[in-house]
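The next block is final-v8.txt, given as compact mmCIF, C-alpha atoms.
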# COMPACT_ATOMS: atom_id res chain seq x y z
CA MET I 1 160.40 -78.14 108.87
CA LYS I 2 159.08 -75.51 111.29
CA TRP I 3 158.01 -73.39 108.30
CA LEU I 4 156.17 -76.33 106.78
CA PHE I 5 154.45 -77.02 110.10
CA ALA I 6 153.52 -73.34 110.50
CA ALA I 7 151.97 -73.12 107.04
CA TYR I 8 149.85 -76.25 107.48
CA ALA I 9 148.84 -75.23 111.00
CA VAL I 10 147.60 -71.88 109.68
CA ILE I 11 145.53 -73.55 106.97
CA TRP I 12 143.90 -76.08 109.29
CA LEU I 13 143.28 -73.49 111.99
CA ALA I 14 141.68 -71.02 109.58
CA VAL I 15 139.36 -73.62 108.05
CA PHE I 16 138.29 -75.03 111.42
CA VAL I 17 137.78 -71.58 112.95
CA TYR I 18 135.58 -70.62 109.97
CA LEU I 19 133.58 -73.85 110.24
CA PHE I 20 133.23 -73.45 114.01
CA ASP I 21 132.05 -69.86 113.53
CA LEU I 22 129.51 -70.94 110.91
CA GLY I 23 128.25 -73.71 113.20
CA LYS I 24 127.90 -71.33 116.14
CA LYS I 25 125.95 -68.80 114.06
CA GLN I 26 123.74 -71.54 112.62
CA LYS I 27 122.84 -72.77 116.13
CA ALA I 28 122.05 -69.24 117.31
CA ILE I 29 119.85 -68.51 114.33
CA ALA I 30 118.14 -71.92 114.56
CA ARG I 31 117.23 -71.04 118.18
CA GLU I 32 115.89 -67.68 116.98
CA VAL I 33 113.79 -69.45 114.35
CA GLU I 34 112.30 -71.77 116.98
CA GLY I 35 111.53 -68.79 119.22
CA LEU I 36 109.83 -66.90 116.42
CA LYS I 37 107.79 -69.96 115.40
CA ALA I 38 106.65 -70.34 118.99
CA LYS I 39 105.61 -66.65 119.15
CA LEU I 40 103.83 -66.97 115.82
CA GLY I 41 102.00 -70.03 117.09
CA SER I 42 100.81 -68.06 120.15
CA ALA I 43 99.82 -65.07 118.00
CA ASP I 44 97.82 -67.31 115.62
CA LYS I 45 95.94 -68.89 118.55
CA LYS I 46 94.84 -65.43 119.75
CA MET G 1 113.69 -83.57 99.70
CA ASN G 2 115.37 -82.50 102.95
CA THR G 3 116.55 -86.05 103.60
CA ARG G 4 118.03 -86.25 100.11
CA LYS G 5 119.77 -82.91 100.62
CA ASP G 6 121.11 -84.03 104.02
CA THR G 7 122.42 -87.25 102.47
CA MET G 8 124.16 -85.33 99.72
CA GLY G 9 125.63 -82.96 102.30
CA THR G 10 126.94 -85.80 104.42
CA ALA G 11 128.38 -87.49 101.34
CA LEU G 12 130.14 -84.26 100.37
CA VAL G 13 131.69 -83.89 103.83
CA ALA G 14 132.78 -87.55 103.85
CA LEU G 15 134.28 -87.25 100.36
CA THR G 16 136.14 -84.08 101.38
CA LEU G 17 137.57 -85.77 104.48
CA VAL G 18 138.73 -88.79 102.50
CA ALA G 19 140.24 -86.57 99.82
CA MET G 20 142.03 -84.55 102.50
CA MET G 21 143.57 -87.70 103.99
CA VAL G 22 144.70 -88.84 100.55
CA SER G 23 146.16 -85.40 99.91
CA LEU G 24 148.09 -85.42 103.18
CA TYR G 25 149.50 -88.85 102.38
CA MET G 26 150.57 -87.72 98.92
CA VAL G 27 152.04 -84.42 100.14
CA PHE G 28 154.13 -85.86 102.97
CA LEU G 29 154.88 -89.41 101.82
CA TYR G 30 154.33 -89.76 98.07
CA ALA G 31 155.65 -86.53 96.55
CA PRO G 32 159.44 -86.49 96.31
CA ARG G 33 161.60 -84.03 98.21
CA GLU G 34 162.36 -80.99 96.07
CA ALA G 35 166.05 -80.75 95.21
CA THR G 36 166.63 -77.03 95.84
CA MET G 37 164.20 -76.05 98.58
CA GLY G 38 163.85 -79.32 100.44
CA ASP G 39 160.79 -80.15 102.52
CA VAL G 40 159.62 -76.54 102.84
CA GLN G 41 158.58 -76.79 99.17
CA ARG G 42 155.69 -79.02 100.26
CA ILE G 43 153.83 -75.82 101.26
CA PHE G 44 153.31 -75.52 97.47
CA TYR G 45 150.74 -78.33 97.58
CA PHE G 46 148.38 -76.26 99.74
CA HIS G 47 149.47 -72.78 98.68
CA VAL G 48 148.61 -73.27 94.99
CA PRO G 49 145.25 -74.99 95.61
CA SER G 50 144.33 -72.16 98.02
CA ALA G 51 145.00 -69.70 95.21
CA TRP G 52 142.97 -71.81 92.78
CA VAL G 53 139.99 -71.86 95.17
CA ALA G 54 140.23 -68.11 95.73
CA PHE G 55 140.25 -67.46 91.96
CA PHE G 56 137.38 -69.91 91.44
CA ALA G 57 135.34 -68.34 94.23
CA PHE G 58 135.86 -64.84 92.85
CA PHE G 59 134.95 -66.09 89.38
CA LEU G 60 131.68 -67.38 90.80
CA VAL G 61 131.12 -64.00 92.49
CA PHE G 62 131.63 -62.42 89.05
CA VAL G 63 129.12 -64.76 87.38
CA PHE G 64 126.48 -64.56 90.13
CA SER G 65 126.87 -60.77 90.27
CA LEU G 66 126.28 -60.48 86.51
CA VAL G 67 123.20 -62.68 86.76
CA TYR G 68 121.91 -60.62 89.70
CA LEU G 69 122.36 -57.39 87.75
CA ALA G 70 120.46 -58.95 84.83
CA ARG G 71 117.64 -60.56 86.84
CA SER G 72 117.53 -58.82 90.27
CA ASN G 73 116.79 -62.15 91.95
CA LYS G 74 118.00 -62.24 95.58
CA ARG G 75 119.17 -65.83 95.22
CA TRP G 76 122.09 -64.77 93.01
CA ASP G 77 123.11 -62.09 95.47
CA THR G 78 123.12 -64.66 98.27
CA LEU G 79 125.32 -67.01 96.23
CA ALA G 80 127.72 -64.20 95.34
CA ALA G 81 128.06 -63.14 98.99
CA ALA G 82 128.74 -66.68 100.16
CA CYS G 83 131.38 -67.24 97.48
CA ALA G 84 133.05 -63.92 98.27
CA GLU G 85 133.38 -64.80 101.95
CA ILE G 86 135.01 -68.15 101.20
CA GLY G 87 137.17 -66.58 98.49
CA VAL G 88 138.51 -64.06 101.01
CA LEU G 89 139.26 -66.91 103.43
CA PHE G 90 141.35 -68.74 100.85
CA CYS G 91 142.99 -65.58 99.52
CA THR G 92 144.04 -64.87 103.12
CA LEU G 93 145.56 -68.34 103.30
CA VAL G 94 147.52 -67.63 100.11
CA LEU G 95 148.84 -64.38 101.60
CA ILE G 96 149.88 -66.15 104.80
CA THR G 97 151.35 -69.39 103.42
CA GLY G 98 153.22 -67.52 100.69
CA PRO G 99 155.36 -65.46 103.09
CA ILE G 100 155.85 -68.48 105.37
CA TRP G 101 157.33 -70.24 102.34
CA ALA G 102 159.18 -67.15 101.16
CA LYS G 103 161.06 -66.50 104.40
CA PRO G 104 163.30 -69.59 104.34
CA VAL G 105 163.63 -69.57 100.54
CA TRP G 106 164.00 -65.87 99.65
CA GLY G 107 165.19 -64.68 103.04
CA VAL G 108 162.35 -62.16 103.24
CA TRP G 109 158.68 -62.42 104.24
CA TRP G 110 157.47 -60.13 101.47
CA THR G 111 158.54 -58.31 98.35
CA TRP G 112 156.55 -55.81 96.30
CA ASP G 113 156.71 -57.75 93.08
CA ALA G 114 153.79 -57.90 90.63
CA ARG G 115 152.28 -61.23 91.69
CA LEU G 116 152.38 -60.59 95.43
CA THR G 117 151.21 -56.98 95.15
CA LEU G 118 148.32 -57.82 92.82
CA THR G 119 147.25 -60.68 95.10
CA LEU G 120 147.18 -58.27 98.03
CA VAL G 121 145.10 -55.87 95.91
CA LEU G 122 142.74 -58.74 95.11
CA TRP G 123 142.32 -59.48 98.81
CA LEU G 124 141.65 -55.80 99.55
CA ILE G 125 139.02 -55.61 96.79
CA TYR G 126 137.02 -58.49 98.20
CA VAL G 127 137.46 -57.42 101.81
CA ALA G 128 135.98 -54.12 100.62
CA TYR G 129 133.15 -56.12 99.02
CA LEU G 130 132.39 -57.80 102.35
CA MET G 131 132.60 -54.49 104.24
CA LEU G 132 130.24 -52.87 101.74
CA ARG G 133 127.73 -55.68 102.33
CA HIS G 134 128.12 -55.37 106.09
CA TYR G 135 127.62 -51.62 106.33
CA MET G 136 124.97 -51.08 103.66
CA THR G 137 121.59 -51.69 105.24
CA ASP G 138 119.20 -51.32 102.29
CA PRO G 139 119.01 -54.85 100.81
CA GLU G 140 118.47 -53.85 97.17
CA ARG G 141 121.12 -51.15 97.08
CA ARG G 142 123.52 -53.45 98.93
CA ALA G 143 122.98 -56.21 96.38
CA THR G 144 123.37 -53.86 93.42
CA PHE G 145 126.50 -52.11 94.67
CA ALA G 146 128.05 -55.42 95.72
CA ALA G 147 127.26 -56.94 92.33
CA VAL G 148 128.98 -54.04 90.54
CA LEU G 149 132.06 -54.44 92.76
CA GLY G 150 131.92 -58.21 92.28
CA VAL G 151 132.09 -57.76 88.51
CA ILE G 152 134.78 -55.07 88.44
CA GLY G 153 136.88 -56.67 91.17
CA PHE G 154 137.24 -59.87 89.19
CA LEU G 155 139.35 -57.99 86.61
CA ASP G 156 142.28 -58.34 89.02
CA VAL G 157 142.19 -62.16 88.88
CA PRO G 158 143.62 -62.49 85.34
CA LEU G 159 146.15 -59.80 86.21
CA VAL G 160 147.33 -61.87 89.17
CA TYR G 161 147.40 -65.05 87.10
CA PHE G 162 149.33 -63.62 84.16
CA SER G 163 151.60 -61.32 86.20
CA ILE G 164 154.41 -63.88 86.38
CA ARG G 165 154.27 -64.25 82.59
CA TRP G 166 154.01 -60.54 81.74
CA TRP G 167 156.51 -59.09 84.23
CA ARG G 168 159.79 -60.08 85.85
CA THR G 169 158.90 -61.21 89.34
CA GLN G 170 160.46 -62.73 92.42
CA HIS G 171 157.62 -65.24 92.46
CA PRO G 172 158.42 -68.61 90.78
CA GLN G 173 157.44 -69.07 87.17
CA PRO G 174 154.37 -71.18 86.29
CA VAL G 175 154.77 -74.91 86.79
CA MET G 176 151.90 -75.79 84.48
CA ALA G 177 151.63 -74.50 80.90
CA GLY G 178 154.55 -72.24 81.56
CA GLY G 179 156.41 -72.88 78.33
CA GLU G 180 159.87 -74.34 77.86
CA GLY G 181 161.57 -75.45 81.04
CA SER G 182 158.40 -75.41 83.12
CA GLY G 183 156.62 -78.47 84.46
CA LEU G 184 156.63 -80.85 87.35
CA GLU G 185 157.74 -84.43 87.81
CA ALA G 186 154.82 -86.82 87.51
CA PRO G 187 154.47 -87.58 91.26
CA MET G 188 154.55 -83.86 92.06
CA LEU G 189 151.98 -83.06 89.39
CA ALA G 190 149.72 -85.87 90.58
CA THR G 191 149.97 -84.62 94.16
CA LEU G 192 149.19 -81.07 93.10
CA LEU G 193 146.15 -82.12 91.07
CA VAL G 194 144.79 -84.23 93.94
CA CYS G 195 145.24 -81.30 96.32
CA ILE G 196 143.47 -78.96 93.89
CA ALA G 197 140.55 -81.42 93.70
CA THR G 198 140.50 -81.71 97.50
CA PHE G 199 140.44 -77.97 98.02
CA THR G 200 137.65 -77.66 95.46
CA LEU G 201 135.60 -80.19 97.43
CA LEU G 202 136.40 -78.21 100.58
CA PHE G 203 135.15 -75.06 98.88
CA PHE G 204 131.80 -76.69 98.04
CA THR G 205 131.51 -78.09 101.59
CA LEU G 206 132.08 -74.64 103.08
CA LEU G 207 129.74 -73.06 100.52
CA ARG G 208 126.98 -75.47 101.45
CA HIS G 209 127.32 -74.60 105.14
CA ARG G 210 127.44 -70.88 104.39
CA LEU G 211 124.30 -71.07 102.25
CA ARG G 212 122.53 -73.02 105.00
CA LEU G 213 123.30 -70.13 107.36
CA GLN G 214 121.85 -67.65 104.88
CA SER G 215 118.70 -69.68 104.39
CA LEU G 216 118.17 -69.67 108.18
CA ARG G 217 118.62 -65.87 108.20
CA ASP G 218 116.03 -65.56 105.43
CA GLU G 219 113.66 -67.72 107.47
CA VAL G 220 114.12 -65.36 110.45
CA ASP G 221 113.25 -62.36 108.25
CA THR G 222 110.12 -64.12 106.92
CA LEU G 223 108.97 -65.14 110.39
CA GLN G 224 109.57 -61.61 111.75
CA ASP G 225 107.47 -60.16 108.90
CA ARG G 226 104.66 -62.63 109.63
CA LEU G 227 104.85 -61.80 113.33
CA GLU G 228 104.55 -58.07 112.58
CA GLN G 229 101.54 -58.69 110.37
CA ALA G 230 99.91 -60.94 112.98
CA GLY G 231 100.76 -58.55 115.81

Re-express the file's structure as structure tokens.
Amino acid sequence: MKWLFAAYAVIWLAVFVYLFDLGKKQKAIAREVEGLKAKLGSADKK
Amino acid sequence: MNTRKDTMGTALVALTLVAMMVSLYMVFLYAPREATMGDVQRIFYFHVPSAWVAFFAFFLVFVFSLVYLARSNKRWDTLAAACAEIGVLFCTLVLITGPIWAKPVWGVWWTWDARLTLTLVLWLIYVAYLMLRHYMTDPERRATFAAVLGVIGFLDVPLVYFSIRWWRTQHPQPVMAGGEGSGLEAPMLATLLVCIATFTLLFFTLLRHRLRLQSLRDEVDTLQDRLEQAG
């Protein structure tokens, strides 16, 4: 049973780590997008 | 349009979660205990679908790469890259769950038989694909070289699939369409098919998230270009 548990644990862990990593990157890039939009807004006003 | 897309995305995630719960029920409670290997055989119900998703993902890389080479449209390169990343994830799961299953059944973690070796080669090919994309900075050359590797690399997939039919291997013989003596009991087959469907849904869920990330990166590039022009 330990082998069965190990195999399923690996699968779940890998999928969740990948999803977590994607989510983290998405948040970081979304912040970068907001920052760039703000800079562009200031540049357009000038 | 965005609201409709968000709704579809939420529906896909919900469907995947429900399918996963059904799969877990079928794997642990519905499917019968295998006579020879016992409960450890239940790894099969996630090991095989992982392989299916990896093959499917690499097939999509092959198709999108061909279309990119024909049309040079960035969209196809983006799709190929996303599919390759997820394909490598699932191929890695195959290479991990396989040995975990093999150890109690064969007594060894690994053997250099045709199926296992060719699967490892497949993994190396697509890891190389991802490394090529990471280290090549020119976007057009990166897309072209990656597309060529995406097309050629796919040639290993049929080799992996047919290896257990063409050569004598340690790996078990096919359980579906494997000729005389092959096949699964109905509950086992039903469980396997549900798991394959679940993993396919999971693939599309992950693909959607990965493409969302890429579209945000493209938006950053566009905004940076506009900032440079305004600046």

| field | Selected residue, from G:Leu24, G:Ala14, G:Ile196, G:Ala54, that lies nearest to chain I when counting all atoms listed in the file | value | G:Leu24

| field | Nearest residue to chain G from the set I:Asp21, I:Ala7, I:Phe16, I:Gly35 (distances using all atoms listed in the file) | value |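 Smallest distance to chain G is found for I:Ala7.
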
| request: Return the neighbours of chain I among the residues of chain G, cut-off 9 Å, counting all atoms listed in the file, as a ChimeraX atom specification. | output: /G:39-43,46-47,89-90,93,96-98,100-101,103-104,206,209-210,212-214,216-217,219-220,223-224,226-227,230-231

| said: Please compute the CA of His171 in chain G-CA of Thr36 in chain G distance, one decimal, in Å. | reply: 15.2 Å

| Between CA of Pro172 in chain G and CA of Gly153 in chain G, what is the distance, to one decimal in Å? |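 We find that CA of Pro172 in chain G and CA of Gly153 in chain G lie 24.6 Å from each other.
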
| request: Could you please determine the separation between CA of Phe154 in chain G and CA of Phe58 in chain G in Å, to one decimal place? | output: 6.3 Å

| query | Which residues come within 12 Å of Val67 in chain G, counting all atoms listed in the file, excluding same-chain residues fewer than 5 positions away, as a PyMOL selection string? | reply | chain G and resi 60-62+72-80+143-144+147-148+150-151

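Considering the residues G:Cys195, G:Leu116, G:Ala190, G:Val127 and counting all atoms listed in the file, Glu85 in chain G has its shortest atom-to-atom contact with G:Val127.
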
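Each of G:Asp221, G:Glu185, G:Asp156, G:Asp138 was compared to Leu118 in chain G using all atoms listed in the file, and G:Asp156 turns out to be the nearest.
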